[in-house]
>>> print(open('structure-v7.txt').read())   # compact mmCIF, C-alpha atoms and all ligand atoms
# COMPACT_ATOMS: atom_id res chain seq x y z
CA MET A 1 78.07 115.18 88.84
CA MET A 2 81.79 114.42 88.43
CA LYS A 3 83.83 116.49 90.84
CA LYS A 4 87.23 118.04 90.09
CA ASN A 5 89.89 116.25 88.07
CA VAL A 6 93.28 115.44 89.61
CA LEU A 7 96.71 114.69 88.21
CA ILE A 8 98.76 112.75 90.77
CA THR A 9 102.35 111.50 90.45
CA GLY A 10 103.86 108.29 91.85
CA THR A 11 100.77 106.08 92.18
CA SER A 12 102.40 102.65 91.85
CA THR A 13 102.56 102.23 95.65
CA GLY A 14 102.12 103.91 99.03
CA VAL A 15 100.51 107.28 99.56
CA GLY A 16 100.02 107.91 95.82
CA PHE A 17 98.23 104.59 95.31
CA GLU A 18 95.94 105.10 98.32
CA THR A 19 95.24 108.75 97.46
CA ALA A 20 94.27 107.89 93.87
CA ILE A 21 91.77 105.29 95.12
CA LEU A 22 90.32 107.47 97.87
CA LEU A 23 89.86 110.44 95.54
CA ALA A 24 88.15 108.24 92.95
CA GLN A 25 85.87 106.75 95.64
CA LYS A 26 84.85 110.34 96.37
CA ASN A 27 84.08 110.83 92.68
CA PHE A 28 87.10 112.93 91.71
CA LYS A 29 88.23 112.10 88.17
CA VAL A 30 91.75 110.81 88.77
CA TYR A 31 94.67 110.72 86.35
CA ALA A 32 96.94 108.36 88.25
CA THR A 33 100.45 108.56 86.83
CA MET A 34 103.48 106.35 87.35
CA ARG A 35 106.89 106.08 85.76
CA ASN A 36 106.68 102.33 85.21
CA LEU A 37 103.36 101.01 83.91
CA ALA A 38 104.52 97.45 84.66
CA LYS A 39 103.68 98.34 88.29
CA ALA A 40 100.06 99.25 87.47
CA ASP A 41 98.45 95.84 88.11
CA ALA A 42 97.37 96.47 91.72
CA LEU A 43 95.73 99.76 90.77
CA LYS A 44 94.10 98.24 87.68
CA GLU A 45 92.58 95.51 89.89
CA ARG A 46 91.04 98.09 92.23
CA ILE A 47 89.75 100.16 89.30
CA ALA A 48 88.06 97.09 87.82
CA ALA A 49 86.69 95.79 91.15
CA GLU A 50 85.19 99.13 92.22
CA ASN A 51 84.57 100.69 88.78
CA LEU A 52 86.64 103.70 89.82
CA PRO A 53 87.01 106.84 87.65
CA ILE A 54 90.79 106.48 87.35
CA GLU A 55 92.85 106.64 84.18
CA ILE A 56 96.47 105.50 84.39
CA LEU A 57 99.07 107.50 82.44
CA PRO A 58 102.86 107.21 82.24
CA LEU A 59 104.78 110.07 83.88
CA ASP A 60 108.36 110.20 85.13
CA VAL A 61 108.98 113.39 87.12
CA THR A 62 112.60 113.45 85.93
CA ASP A 63 111.50 113.54 82.27
CA ASN A 64 110.02 116.79 80.95
CA ALA A 65 108.67 115.15 77.79
CA SER A 66 106.66 112.58 79.76
CA ILE A 67 105.20 115.32 81.98
CA GLU A 68 104.19 117.43 78.96
CA LYS A 69 102.64 114.39 77.31
CA ALA A 70 100.52 113.51 80.36
CA VAL A 71 99.41 117.14 80.87
CA ASN A 72 98.52 117.52 77.17
CA THR A 73 96.51 114.29 77.26
CA ILE A 74 94.43 115.57 80.20
CA ILE A 75 93.95 119.03 78.67
CA ARG A 76 92.83 117.48 75.37
CA LYS A 77 90.23 115.37 77.22
CA ASP A 78 88.96 117.73 79.92
CA GLY A 79 90.29 121.17 78.94
CA ARG A 80 91.56 121.74 82.48
CA ILE A 81 93.50 120.37 85.46
CA ASP A 82 91.86 121.23 88.78
CA VAL A 83 94.27 119.63 91.22
CA LEU A 84 97.93 118.62 90.85
CA ILE A 85 99.30 116.32 93.57
CA ASN A 86 103.08 116.09 93.56
CA ASN A 87 103.50 112.86 95.47
CA ALA A 88 106.42 111.08 93.74
CA GLY A 89 109.53 111.08 95.89
CA ALA A 90 112.31 108.90 97.20
CA GLY A 91 114.28 108.68 100.44
CA PHE A 92 118.05 108.78 100.77
CA ALA A 93 120.14 108.66 103.96
CA LYS A 94 123.79 109.30 103.29
CA THR A 95 126.32 111.88 104.37
CA LEU A 96 126.93 114.79 102.03
CA GLU A 97 130.64 113.88 101.98
CA GLN A 98 130.02 110.29 100.97
CA ALA A 99 127.22 110.79 98.42
CA THR A 100 128.40 110.71 94.82
CA PRO A 101 127.65 113.62 92.45
CA ALA A 102 125.21 111.33 90.59
CA GLU A 103 123.37 110.50 93.84
CA ILE A 104 123.15 114.18 94.77
CA ASP A 105 121.68 115.00 91.34
CA TRP A 106 119.23 112.09 91.57
CA VAL A 107 117.84 112.85 95.05
CA THR A 108 117.37 116.52 94.09
CA ASP A 109 115.86 115.67 90.72
CA VAL A 110 113.22 113.28 92.05
CA ASN A 111 112.28 115.20 95.19
CA TYR A 112 112.63 118.83 94.09
CA THR A 113 113.18 119.49 90.38
CA GLY A 114 110.47 116.96 89.52
CA VAL A 115 108.00 119.06 91.53
CA VAL A 116 109.20 122.23 89.76
CA ARG A 117 108.70 120.55 86.36
CA CYS A 118 105.17 119.35 87.14
CA ILE A 119 104.04 122.70 88.55
CA LYS A 120 105.56 124.52 85.56
CA ALA A 121 103.67 122.28 83.14
CA VAL A 122 100.31 122.64 84.89
CA LEU A 123 100.41 126.31 85.96
CA PRO A 124 99.56 127.94 82.59
CA HIS A 125 96.34 125.91 82.47
CA MET A 126 95.40 126.77 86.05
CA ARG A 127 96.23 130.45 85.47
CA THR A 128 94.03 130.57 82.34
CA ALA A 129 91.21 128.91 84.29
CA ARG A 130 91.74 131.25 87.27
CA ALA A 131 91.38 128.14 89.42
CA GLY A 132 93.50 125.29 90.68
CA HIS A 133 95.15 123.64 93.65
CA VAL A 134 98.72 122.37 93.86
CA ILE A 135 99.30 119.89 96.68
CA ASN A 136 102.85 118.75 97.41
CA ILE A 137 103.62 115.77 99.61
CA THR A 138 106.67 117.06 101.42
CA SER A 139 107.65 115.76 104.87
CA VAL A 140 108.47 116.78 108.41
CA GLY A 141 111.91 116.62 106.77
CA GLY A 142 110.88 119.71 104.80
CA LEU A 143 110.67 121.66 108.06
CA VAL A 144 113.21 120.00 110.35
CA GLY A 145 116.67 118.89 109.20
CA GLN A 146 117.64 115.44 110.43
CA PRO A 147 120.89 113.44 110.63
CA PHE A 148 122.08 111.70 107.46
CA ASN A 149 119.04 113.11 105.63
CA GLU A 150 120.61 116.41 104.60
CA LEU A 151 120.17 115.82 100.85
CA TYR A 152 116.59 114.58 101.16
CA CYS A 153 115.68 117.29 103.69
CA GLY A 154 117.35 119.94 101.52
CA ALA A 155 115.17 118.89 98.57
CA LYS A 156 111.99 118.87 100.69
CA PHE A 157 112.89 122.27 102.23
CA ALA A 158 113.25 123.50 98.64
CA VAL A 159 109.73 122.31 97.83
CA GLU A 160 108.46 124.16 100.90
CA GLY A 161 110.23 127.37 99.82
CA LEU A 162 109.04 127.05 96.23
CA THR A 163 105.45 126.64 97.38
CA GLU A 164 105.55 129.46 99.92
CA ALA A 165 106.90 131.84 97.27
CA LEU A 166 104.29 130.85 94.66
CA ALA A 167 101.53 131.25 97.25
CA THR A 168 102.53 134.90 97.82
CA TYR A 169 101.66 136.09 94.30
CA VAL A 170 100.47 133.33 91.94
CA GLY A 171 98.08 132.25 94.67
CA HIS A 172 96.10 135.43 95.21
CA SER A 173 96.57 136.88 91.69
CA PHE A 174 95.16 133.87 89.86
CA ASN A 175 93.08 132.04 92.49
CA ILE A 176 95.46 129.09 92.63
CA LYS A 177 95.83 127.36 95.99
CA PHE A 178 99.03 125.78 97.28
CA THR A 179 99.41 123.24 100.08
CA ASN A 180 102.37 121.32 101.49
CA VAL A 181 101.30 118.09 103.21
CA GLU A 182 103.97 117.11 105.76
CA PRO A 183 103.85 113.50 106.99
CA GLY A 184 106.14 111.92 109.58
CA GLY A 185 107.09 108.28 109.00
CA ILE A 186 104.82 106.22 106.74
CA SER A 187 104.92 102.43 106.44
CA THR A 188 105.23 102.18 102.64
CA GLU A 189 107.83 100.98 100.15
CA PHE A 190 109.72 104.21 100.90
CA MET A 191 112.18 102.77 103.47
CA LYS A 192 112.94 99.73 101.33
CA THR A 193 113.63 101.94 98.31
CA ALA A 194 115.68 104.35 100.41
CA ILE A 195 117.82 101.51 101.80
CA SER A 196 118.43 100.01 98.36
CA LYS A 197 119.34 103.45 96.95
CA THR A 198 121.56 104.42 99.88
CA ALA A 199 123.60 101.36 100.87
CA ASN A 200 126.86 100.65 99.06
CA GLU A 201 127.72 97.24 97.58
CA LYS A 202 128.82 96.04 101.05
CA GLY A 203 125.49 97.11 102.56
CA GLU A 204 127.07 100.07 104.39
CA PHE A 205 125.35 103.46 104.73
CA ALA A 206 128.31 105.35 106.12
CA THR A 207 131.99 104.56 106.27
CA GLY A 208 135.09 105.78 108.14
CA GLU A 209 134.50 108.34 110.87
CA TYR A 210 130.80 108.54 110.01
CA ALA A 211 130.16 104.80 110.50
CA PRO A 212 129.79 104.80 114.33
CA ILE A 213 127.65 107.96 114.22
CA PHE A 214 125.34 106.34 111.67
CA GLU A 215 125.18 103.15 113.75
CA LYS A 216 124.04 105.17 116.78
CA TYR A 217 121.47 107.01 114.67
CA LEU A 218 120.11 103.78 113.21
CA THR A 219 119.78 102.08 116.61
CA SER A 220 117.90 105.05 118.02
CA ALA A 221 115.66 105.26 114.92
CA GLN A 222 114.81 101.55 115.18
CA GLU A 223 113.98 101.85 118.89
CA ARG A 224 111.74 104.85 118.32
CA ALA A 225 109.95 103.30 115.36
CA GLY A 226 109.40 99.99 117.11
CA GLY A 227 107.97 101.45 120.29
CA GLU A 228 104.40 100.34 120.93
CA GLY A 229 102.05 103.22 120.20
CA SER A 230 104.99 105.48 119.32
CA GLY A 231 102.75 107.15 116.75
CA VAL A 232 105.73 107.75 114.49
CA TYR A 233 104.41 105.67 111.61
CA GLN A 234 101.15 106.12 109.76
CA THR A 235 99.78 103.93 107.00
CA GLY A 236 99.68 105.22 103.43
CA LYS A 237 95.89 105.26 103.71
CA GLU A 238 95.93 107.46 106.82
CA VAL A 239 98.11 109.99 105.02
CA ALA A 240 95.90 109.73 101.92
CA GLU A 241 92.88 110.67 104.06
CA VAL A 242 94.61 113.95 104.98
CA VAL A 243 95.55 114.62 101.34
CA VAL A 244 91.95 114.05 100.20
CA ALA A 245 90.58 116.31 102.96
CA VAL A 246 92.97 119.02 101.74
CA ALA A 247 91.82 118.52 98.12
CA GLU A 248 88.18 118.86 99.23
CA ASN A 249 88.85 121.97 101.33
CA GLU A 250 87.71 125.23 99.67
CA HIS A 251 90.09 127.15 101.95
CA PRO A 252 93.04 124.80 102.27
CA PRO A 253 96.04 125.55 104.49
CA LEU A 254 99.48 126.38 103.07
CA ARG A 255 100.92 123.59 105.19
CA ILE A 256 99.60 120.72 107.28
CA ARG A 257 101.18 117.90 109.29
CA THR A 258 99.42 114.54 109.00
CA SER A 259 99.70 113.19 112.57
CA GLN A 260 100.06 114.35 116.15
CA TRP A 261 103.62 112.99 116.13
CA ALA A 262 104.44 115.10 113.04
CA LYS A 263 102.85 118.17 114.67
CA ASP A 264 104.90 117.72 117.84
CA PHE A 265 108.10 117.05 115.90
CA CYS A 266 107.80 120.35 113.99
CA ALA A 267 106.33 122.45 116.81
CA LEU A 268 109.43 124.60 117.32
CA LYS A 269 109.18 125.66 113.66
CA THR A 270 105.42 125.91 113.30
CA ASP A 271 103.90 126.85 116.68
CA SER A 272 103.53 130.54 115.88
CA ASP A 273 101.78 129.85 112.55
CA PRO A 274 100.77 126.16 112.21
CA ASP A 275 99.10 126.37 108.79
CA GLY A 276 101.30 129.08 107.25
CA THR A 277 98.47 131.59 106.71
CA LYS A 278 100.04 134.34 108.83
CA LEU A 279 103.37 133.97 107.06
CA VAL A 280 101.93 134.31 103.54
CA GLU A 281 99.73 137.24 104.55
CA ALA A 282 102.70 139.03 106.14
CA VAL A 283 104.86 138.56 103.02
CA ILE A 284 102.04 139.77 100.75
CA LYS A 285 101.55 142.85 102.94
CA TYR A 286 105.28 143.54 102.89
CA SER A 287 105.70 142.95 99.15
CA PHE A 288 102.69 144.60 97.51
N1 LIG B 1 107.36 106.93 103.76
C1 LIG B 1 107.78 107.88 104.56
O1 LIG B 1 108.30 107.64 105.66
C2 LIG B 1 107.57 109.33 104.14
C3 LIG B 1 107.62 110.32 105.13
C4 LIG B 1 107.40 111.64 104.77
C5 LIG B 1 107.15 111.97 103.47
N2 LIG B 1 107.11 110.99 102.51
C6 LIG B 1 106.84 111.42 101.12
O2 LIG B 1 105.61 110.84 100.70
C7 LIG B 1 105.60 110.68 99.28
C8 LIG B 1 105.12 109.30 98.93
O3 LIG B 1 106.04 108.34 99.45
P1 LIG B 1 105.58 106.89 99.94
O4 LIG B 1 105.83 106.82 101.40
O5 LIG B 1 104.25 106.56 99.40
O6 LIG B 1 106.73 106.00 99.25
P2 LIG B 1 106.70 104.88 98.10
O7 LIG B 1 105.72 103.81 98.44
O8 LIG B 1 108.13 104.52 97.89
O9 LIG B 1 106.13 105.67 96.82
C9 LIG B 1 106.91 106.59 96.11
C10 LIG B 1 106.30 106.75 94.72
O10 LIG B 1 107.10 107.69 93.98
C11 LIG B 1 107.37 107.11 92.73
N3 LIG B 1 108.55 107.64 92.05
C12 LIG B 1 109.85 107.54 92.41
N4 LIG B 1 110.62 108.14 91.47
C13 LIG B 1 109.78 108.61 90.51
C14 LIG B 1 109.95 109.30 89.29
N5 LIG B 1 111.17 109.63 88.83
N6 LIG B 1 108.86 109.64 88.55
C15 LIG B 1 107.62 109.30 88.98
N7 LIG B 1 107.39 108.60 90.11
C16 LIG B 1 108.46 108.28 90.87
C17 LIG B 1 107.52 105.62 93.01
O11 LIG B 1 107.47 104.89 91.81
P3 LIG B 1 108.27 103.49 91.61
O12 LIG B 1 107.39 102.45 92.21
O13 LIG B 1 108.39 103.36 90.12
O14 LIG B 1 109.58 103.63 92.31
C18 LIG B 1 106.32 105.43 93.92
O15 LIG B 1 105.14 105.35 93.17
C19 LIG B 1 107.05 111.01 98.83
O16 LIG B 1 107.10 112.31 98.29
C20 LIG B 1 107.85 110.92 100.11
O17 LIG B 1 109.01 111.74 100.06
C21 LIG B 1 107.30 109.69 102.82
>>> encode(input="structure-v7.txt", output="C-alpha cells")
Amino acid sequence: MMKKNVLITGTSTGVGFETAILLAQKNFKVYATMRNLAKADALKERIAAENLPIEILPLDVTDNASIEKAVNTIIRKDGRIDVLINNAGAGFAKTLEQATPAEIDWVTDVNYTGVVRCIKAVLPHMRTARAGHVINITSVGGLVGQPFNELYCGAKFAVEGLTEALATYVGHSFNIKFTNVEPGGISTEFMKTAISKTANEKGEFATGEYAPIFEKYLTSAQERAGGEGSGVYQTGKEVAEVVVAVAENEHPPLRIRTSQWAKDFCALKTDSDPDGTKLVEAVIKYSF
C-alpha cells in the first residue's frame, strides 16, 4: 500500500534531492518541487532508473501563485497532503551594515517568508483532515547566532519561533505535527550559492573595518571544516536519512539536530530540553 504523500520544496540539489529519493524508495508518494524545472534532469534520471513514485512540480517559495498551484494540483489528485517538507533555503554571509535592502528582503523571503507561505497554503487541508506533519529544514543557525550570518540566522530563528508557536495550539488542537530539523554544515551546493550571492563584484564579502574581521572568521572556518574527522560536514544523504526518519516517526520531536557535531554546537541552548517537548508542554500548560 502507498504510504503518506509528501510535498517537498527545493529538490533540484542537496538535501531536498536526496530526501525526495529516499522517501520514494520507502514508498512515500513524493511531490518533488523546484523553482527551475530546467534543473530536474538528475532527479528525472533517478525516477526512471528506479521507477520511483515521484512527481516533479514547479514551485518557487517566493511566489504565492506557484505555491497555490502546486498545492491545488496535489489536492485535486490525492485530496490531501500528509507531509510538508520546507527544505528550500539559501545561505548568505554578509554584515547587516553592508547588505543592501534588496539582499535583506531576499534572504528573509527565501528562508523565512517562503516557509510561512507554504505552511499557510497547506494548513487548511491538514486541519480539515485532522492529520499532517510539517517538517522544516532549519539549521544550527536557527538556534545559535554566528558571525556574518546574522541575516540568515535571523531568518532561521524566525522559522524556529514560527514552528514552536504553531505547535502550541495548531498541533494539539488539530493533530498536526511540527518538526524543525537542524543540520550543521552540509556538503551541498549551498556554500557555492551562498558565496555567489554574498560576494561583491570584486569578490569581497566584507569591506572597510569589517574586512579583517571577516578574513579571520573565514580562515578559522576553513581550518575547522578541513580538519580530518572534524565531523562538521555531513552529506546531503546523511541529513536526508534524519529527515526521512522524522517523517516516519509517529511521535516526532519538535526539534532535532542531525549530527553529534550539531548537538554539541547547540548544547548550551538545548541541553535542558533537547527535542523541545518540555518547552511546548510548558507553554500549553501556561496558555490554556
Ligand atoms: N548546506 C549547509 O551547510 C546547510 C546547513 C544547515 C542548514 N541548511 C539548510 O538545508 C536546506 C537545504 O540546503 P542544501 O544544503 O541542500 O543546499 P542546496 O544544495 O543549495 O539546495 C537548496 C535548494 O533550495 C532551492 N531554492 C532556493 N531558492 C528557492 C526558491 N525561491 N524557491 C524554491 N526553491 C528554492 C534551490 O533551488 P535552485 O537549485 O533553483 O537554487 C535548491 O534546490 C536549506 O534550507 C538550508 O538553509 C544547509
>>> atom_distance(input="structure-v7.txt", atom1="atom C18 of ligand LIG 1 (chain B)", atom2="atom CA of A:Thr13")
5.2 Å
>>> atom_distance(input="structure-v7.txt", atom1="atom CA of A:Ile54", atom2="atom CA of A:Val30")
4.7 Å
>>> closest_atom_pairs(input="structure-v7.txt", of="chain A", to="ligand LIG 1 (chain B)", cutoff="8 Å", atoms="only C-alpha atoms and all ligand atoms", output="CSV")
residue,atom,partner,partner_atom,distance
A:Thr9,CA,B:LIG1,N7,5.8
A:Gly10,CA,B:LIG1,O15,3.5
A:Thr11,CA,B:LIG1,O15,4.5
A:Ser12,CA,B:LIG1,O15,4.1
A:Thr13,CA,B:LIG1,O7,4.5
A:Gly14,CA,B:LIG1,O5,3.4
A:Val15,CA,B:LIG1,O5,3.8
A:Gly16,CA,B:LIG1,O5,5.7
A:Phe17,CA,B:LIG1,O15,7.3
A:Thr33,CA,B:LIG1,C15,7.5
A:Met34,CA,B:LIG1,N7,5.3
A:Arg35,CA,B:LIG1,C15,4.6
A:Asn36,CA,B:LIG1,O13,5.3
A:Lys39,CA,B:LIG1,O12,6.8
A:Leu59,CA,B:LIG1,C15,5.9
A:Asp60,CA,B:LIG1,N6,3.5
A:Val61,CA,B:LIG1,N6,4.0
A:Thr62,CA,B:LIG1,N5,5.0
A:Asp63,CA,B:LIG1,N5,7.6
A:Asn86,CA,B:LIG1,O16,7.3
A:Asn87,CA,B:LIG1,O16,4.6
A:Ala88,CA,B:LIG1,O10,3.5
A:Gly89,CA,B:LIG1,O16,3.6
A:Ala90,CA,B:LIG1,O17,5.2
A:Gly91,CA,B:LIG1,O17,6.1
A:Asp109,CA,B:LIG1,N5,7.9
A:Val110,CA,B:LIG1,N5,5.3
A:Asn111,CA,B:LIG1,O16,6.7
A:Gly114,CA,B:LIG1,N5,7.4
A:Asn136,CA,B:LIG1,O16,7.8
A:Ile137,CA,B:LIG1,O16,5.1
A:Thr138,CA,B:LIG1,C5,5.5
A:Ser139,CA,B:LIG1,C5,4.1
A:Val140,CA,B:LIG1,C4,6.4
A:Gly141,CA,B:LIG1,C4,7.0
A:Lys156,CA,B:LIG1,O17,7.8
A:Glu182,CA,B:LIG1,C5,6.5
A:Pro183,CA,B:LIG1,C4,4.6
A:Gly184,CA,B:LIG1,C3,5.0
A:Gly185,CA,B:LIG1,O1,3.6
A:Ile186,CA,B:LIG1,O1,3.9
A:Ser187,CA,B:LIG1,N1,5.8
A:Thr188,CA,B:LIG1,O7,4.5
A:Glu189,CA,B:LIG1,O7,3.9
A:Phe190,CA,B:LIG1,O8,3.4
A:Met191,CA,B:LIG1,N1,6.4
A:Lys192,CA,B:LIG1,O8,7.6
A:Thr193,CA,B:LIG1,O8,6.1
A:Ala194,CA,B:LIG1,O8,8.0
A:Tyr233,CA,B:LIG1,O1,7.4
A:Gly236,CA,B:LIG1,O5,6.2
>>> axis_aligned_box(input="structure-v7.txt", around="stretch 34-42 of chain A", padding_each_side="5 Å", output="JSON")
{"center_x": 102.1, "center_y": 101.1, "center_z": 87.8, "size_x": 19.5, "size_y": 20.5, "size_z": 17.8}
>>> atom_distance(input="structure-v7.txt", atom1="atom CA of A:Ile81", atom2="atom CA of A:Lys4")
8.1 Å
>>> closest_residue(input="structure-v7.txt", among="A:Thr73, A:Ser259, A:Thr100, A:Thr168", to="A:Asn200", atoms="only C-alpha atoms")
A:Thr100
>>> residues_around(input="structure-v7.txt", residues="A:Asn149", least_positions_apart="3", cutoff="7 Å", atoms="only C-alpha atoms", output="MDAnalysis selection string")
chainID A and resid 92:94 146 152:153
>>> decode(input="structure-v7.txt", residues="stretch 179-271 of chain A", atoms="C-alpha atoms", output="PDB file, in the first residue's frame")
ATOM      1  CA  THR A 179       9.405  19.408  13.479  1.00  0.00           C
ATOM      2  CA  ASN A 180      12.474  21.581  12.931  1.00  0.00           C
ATOM      3  CA  VAL A 181      15.417  19.586  11.554  1.00  0.00           C
ATOM      4  CA  GLU A 182      18.658  21.391  12.460  1.00  0.00           C
ATOM      5  CA  PRO A 183      21.752  20.348  10.491  1.00  0.00           C
ATOM      6  CA  GLY A 184      25.284  21.672  10.952  1.00  0.00           C
ATOM      7  CA  GLY A 185      27.374  22.052   7.797  1.00  0.00           C
ATOM      8  CA  ILE A 186      26.340  20.001   4.756  1.00  0.00           C
ATOM      9  CA  SER A 187      28.490  19.467   1.665  1.00  0.00           C
ATOM     10  CA  THR A 188      25.950  20.563  -0.967  1.00  0.00           C
ATOM     11  CA  GLU A 189      25.610  23.395  -3.481  1.00  0.00           C
ATOM     12  CA  PHE A 190      24.719  25.622  -0.523  1.00  0.00           C
ATOM     13  CA  MET A 191      28.191  27.142   0.043  1.00  0.00           C
ATOM     14  CA  LYS A 192      28.718  27.789  -3.659  1.00  0.00           C
ATOM     15  CA  THR A 193      25.347  29.527  -3.914  1.00  0.00           C
ATOM     16  CA  ALA A 194      25.992  31.466  -0.707  1.00  0.00           C
ATOM     17  CA  ILE A 195      29.374  32.685  -1.976  1.00  0.00           C
ATOM     18  CA  SER A 196      27.952  33.765  -5.336  1.00  0.00           C
ATOM     19  CA  LYS A 197      25.067  35.575  -3.610  1.00  0.00           C
ATOM     20  CA  THR A 198      27.247  37.225  -0.974  1.00  0.00           C
ATOM     21  CA  ALA A 199      30.446  38.402  -2.668  1.00  0.00           C
ATOM     22  CA  ASN A 200      30.503  41.792  -4.368  1.00  0.00           C
ATOM     23  CA  GLU A 201      31.766  42.327  -7.932  1.00  0.00           C
ATOM     24  CA  LYS A 202      35.368  42.383  -6.610  1.00  0.00           C
ATOM     25  CA  GLY A 203      34.851  39.055  -4.829  1.00  0.00           C
ATOM     26  CA  GLU A 204      34.822  40.706  -1.379  1.00  0.00           C
ATOM     27  CA  PHE A 205      32.481  39.607   1.428  1.00  0.00           C
ATOM     28  CA  ALA A 206      33.182  42.477   3.777  1.00  0.00           C
ATOM     29  CA  THR A 207      34.843  45.823   3.278  1.00  0.00           C
ATOM     30  CA  GLY A 208      36.350  48.595   5.431  1.00  0.00           C
ATOM     31  CA  GLU A 209      36.598  47.890   9.146  1.00  0.00           C
ATOM     32  CA  TYR A 210      34.786  44.579   8.732  1.00  0.00           C
ATOM     33  CA  ALA A 211      37.267  43.164   6.180  1.00  0.00           C
ATOM     34  CA  PRO A 212      39.961  41.961   8.643  1.00  0.00           C
ATOM     35  CA  ILE A 213      37.316  40.511  10.991  1.00  0.00           C
ATOM     36  CA  PHE A 214      35.780  38.573   8.097  1.00  0.00           C
ATOM     37  CA  GLU A 215      39.227  37.375   6.995  1.00  0.00           C
ATOM     38  CA  LYS A 216      39.879  35.978  10.486  1.00  0.00           C
ATOM     39  CA  TYR A 217      36.455  34.324  10.533  1.00  0.00           C
ATOM     40  CA  LEU A 218      36.989  32.756   7.108  1.00  0.00           C
ATOM     41  CA  THR A 219      40.433  31.368   7.999  1.00  0.00           C
ATOM     42  CA  SER A 220      39.087  29.805  11.174  1.00  0.00           C
ATOM     43  CA  ALA A 221      36.039  28.380   9.328  1.00  0.00           C
ATOM     44  CA  GLN A 222      38.280  26.830   6.657  1.00  0.00           C
ATOM     45  CA  GLU A 223      40.577  25.270   9.268  1.00  0.00           C
ATOM     46  CA  ARG A 224      37.653  23.802  11.188  1.00  0.00           C
ATOM     47  CA  ALA A 225      35.927  22.457   8.089  1.00  0.00           C
ATOM     48  CA  GLY A 226      39.095  20.940   6.681  1.00  0.00           C
ATOM     49  CA  GLY A 227      40.115  19.124   9.838  1.00  0.00           C
ATOM     50  CA  GLU A 228      40.239  15.364   9.390  1.00  0.00           C
ATOM     51  CA  GLY A 229      37.250  13.804  11.122  1.00  0.00           C
ATOM     52  CA  SER A 230      36.063  17.226  12.290  1.00  0.00           C
ATOM     53  CA  GLY A 231      32.500  15.960  11.908  1.00  0.00           C
ATOM     54  CA  VAL A 232      31.329  19.425  10.920  1.00  0.00           C
ATOM     55  CA  TYR A 233      30.134  18.424   7.472  1.00  0.00           C
ATOM     56  CA  GLN A 234      27.553  15.796   6.613  1.00  0.00           C
ATOM     57  CA  THR A 235      26.489  14.695   3.153  1.00  0.00           C
ATOM     58  CA  GLY A 236      23.054  15.626   1.843  1.00  0.00           C
ATOM     59  CA  LYS A 237      22.144  11.941   2.044  1.00  0.00           C
ATOM     60  CA  GLU A 238      23.077  11.695   5.733  1.00  0.00           C
ATOM     61  CA  VAL A 239      20.826  14.643   6.515  1.00  0.00           C
ATOM     62  CA  ALA A 240      18.076  13.170   4.305  1.00  0.00           C
ATOM     63  CA  GLU A 241      18.194   9.978   6.402  1.00  0.00           C
ATOM     64  CA  VAL A 242      17.341  12.020   9.512  1.00  0.00           C
ATOM     65  CA  VAL A 243      14.533  13.853   7.676  1.00  0.00           C
ATOM     66  CA  VAL A 244      13.013  10.561   6.498  1.00  0.00           C
ATOM     67  CA  ALA A 245      13.240   9.042   9.995  1.00  0.00           C
ATOM     68  CA  VAL A 246      11.372  12.099  11.295  1.00  0.00           C
ATOM     69  CA  ALA A 247       8.694  11.709   8.576  1.00  0.00           C
ATOM     70  CA  GLU A 248       8.251   8.045   9.543  1.00  0.00           C
ATOM     71  CA  ASN A 249       8.060   8.783  13.277  1.00  0.00           C
ATOM     72  CA  GLU A 250       4.505   8.654  14.696  1.00  0.00           C
ATOM     73  CA  HIS A 251       5.674  10.784  17.638  1.00  0.00           C
ATOM     74  CA  PRO A 252       8.209  13.107  16.055  1.00  0.00           C
ATOM     75  CA  PRO A 253      10.235  15.623  18.073  1.00  0.00           C
ATOM     76  CA  LEU A 254       9.672  19.380  17.813  1.00  0.00           C
ATOM     77  CA  ARG A 255      13.363  19.780  17.039  1.00  0.00           C
ATOM     78  CA  ILE A 256      16.284  17.530  16.181  1.00  0.00           C
ATOM     79  CA  ARG A 257      19.949  18.084  15.329  1.00  0.00           C
ATOM     80  CA  THR A 258      21.307  15.844  12.566  1.00  0.00           C
ATOM     81  CA  SER A 259      24.836  15.074  13.826  1.00  0.00           C
ATOM     82  CA  GLN A 260      26.845  14.829  17.020  1.00  0.00           C
ATOM     83  CA  TRP A 261      28.694  17.991  15.982  1.00  0.00           C
ATOM     84  CA  ALA A 262      25.366  19.851  15.605  1.00  0.00           C
ATOM     85  CA  LYS A 263      24.208  18.527  19.001  1.00  0.00           C
ATOM     86  CA  ASP A 264      27.394  19.706  20.698  1.00  0.00           C
ATOM     87  CA  PHE A 265      27.305  23.083  18.956  1.00  0.00           C
ATOM     88  CA  CYS A 266      23.785  23.821  20.254  1.00  0.00           C
ATOM     89  CA  ALA A 267      24.127  22.166  23.666  1.00  0.00           C
ATOM     90  CA  LEU A 268      24.065  25.415  25.654  1.00  0.00           C
ATOM     91  CA  LYS A 269      20.666  26.184  24.111  1.00  0.00           C
ATOM     92  CA  THR A 270      19.169  22.713  24.056  1.00  0.00           C
ATOM     93  CA  ASP A 271      20.620  20.675  26.942  1.00  0.00           C
TER      94      ASP A 271
END
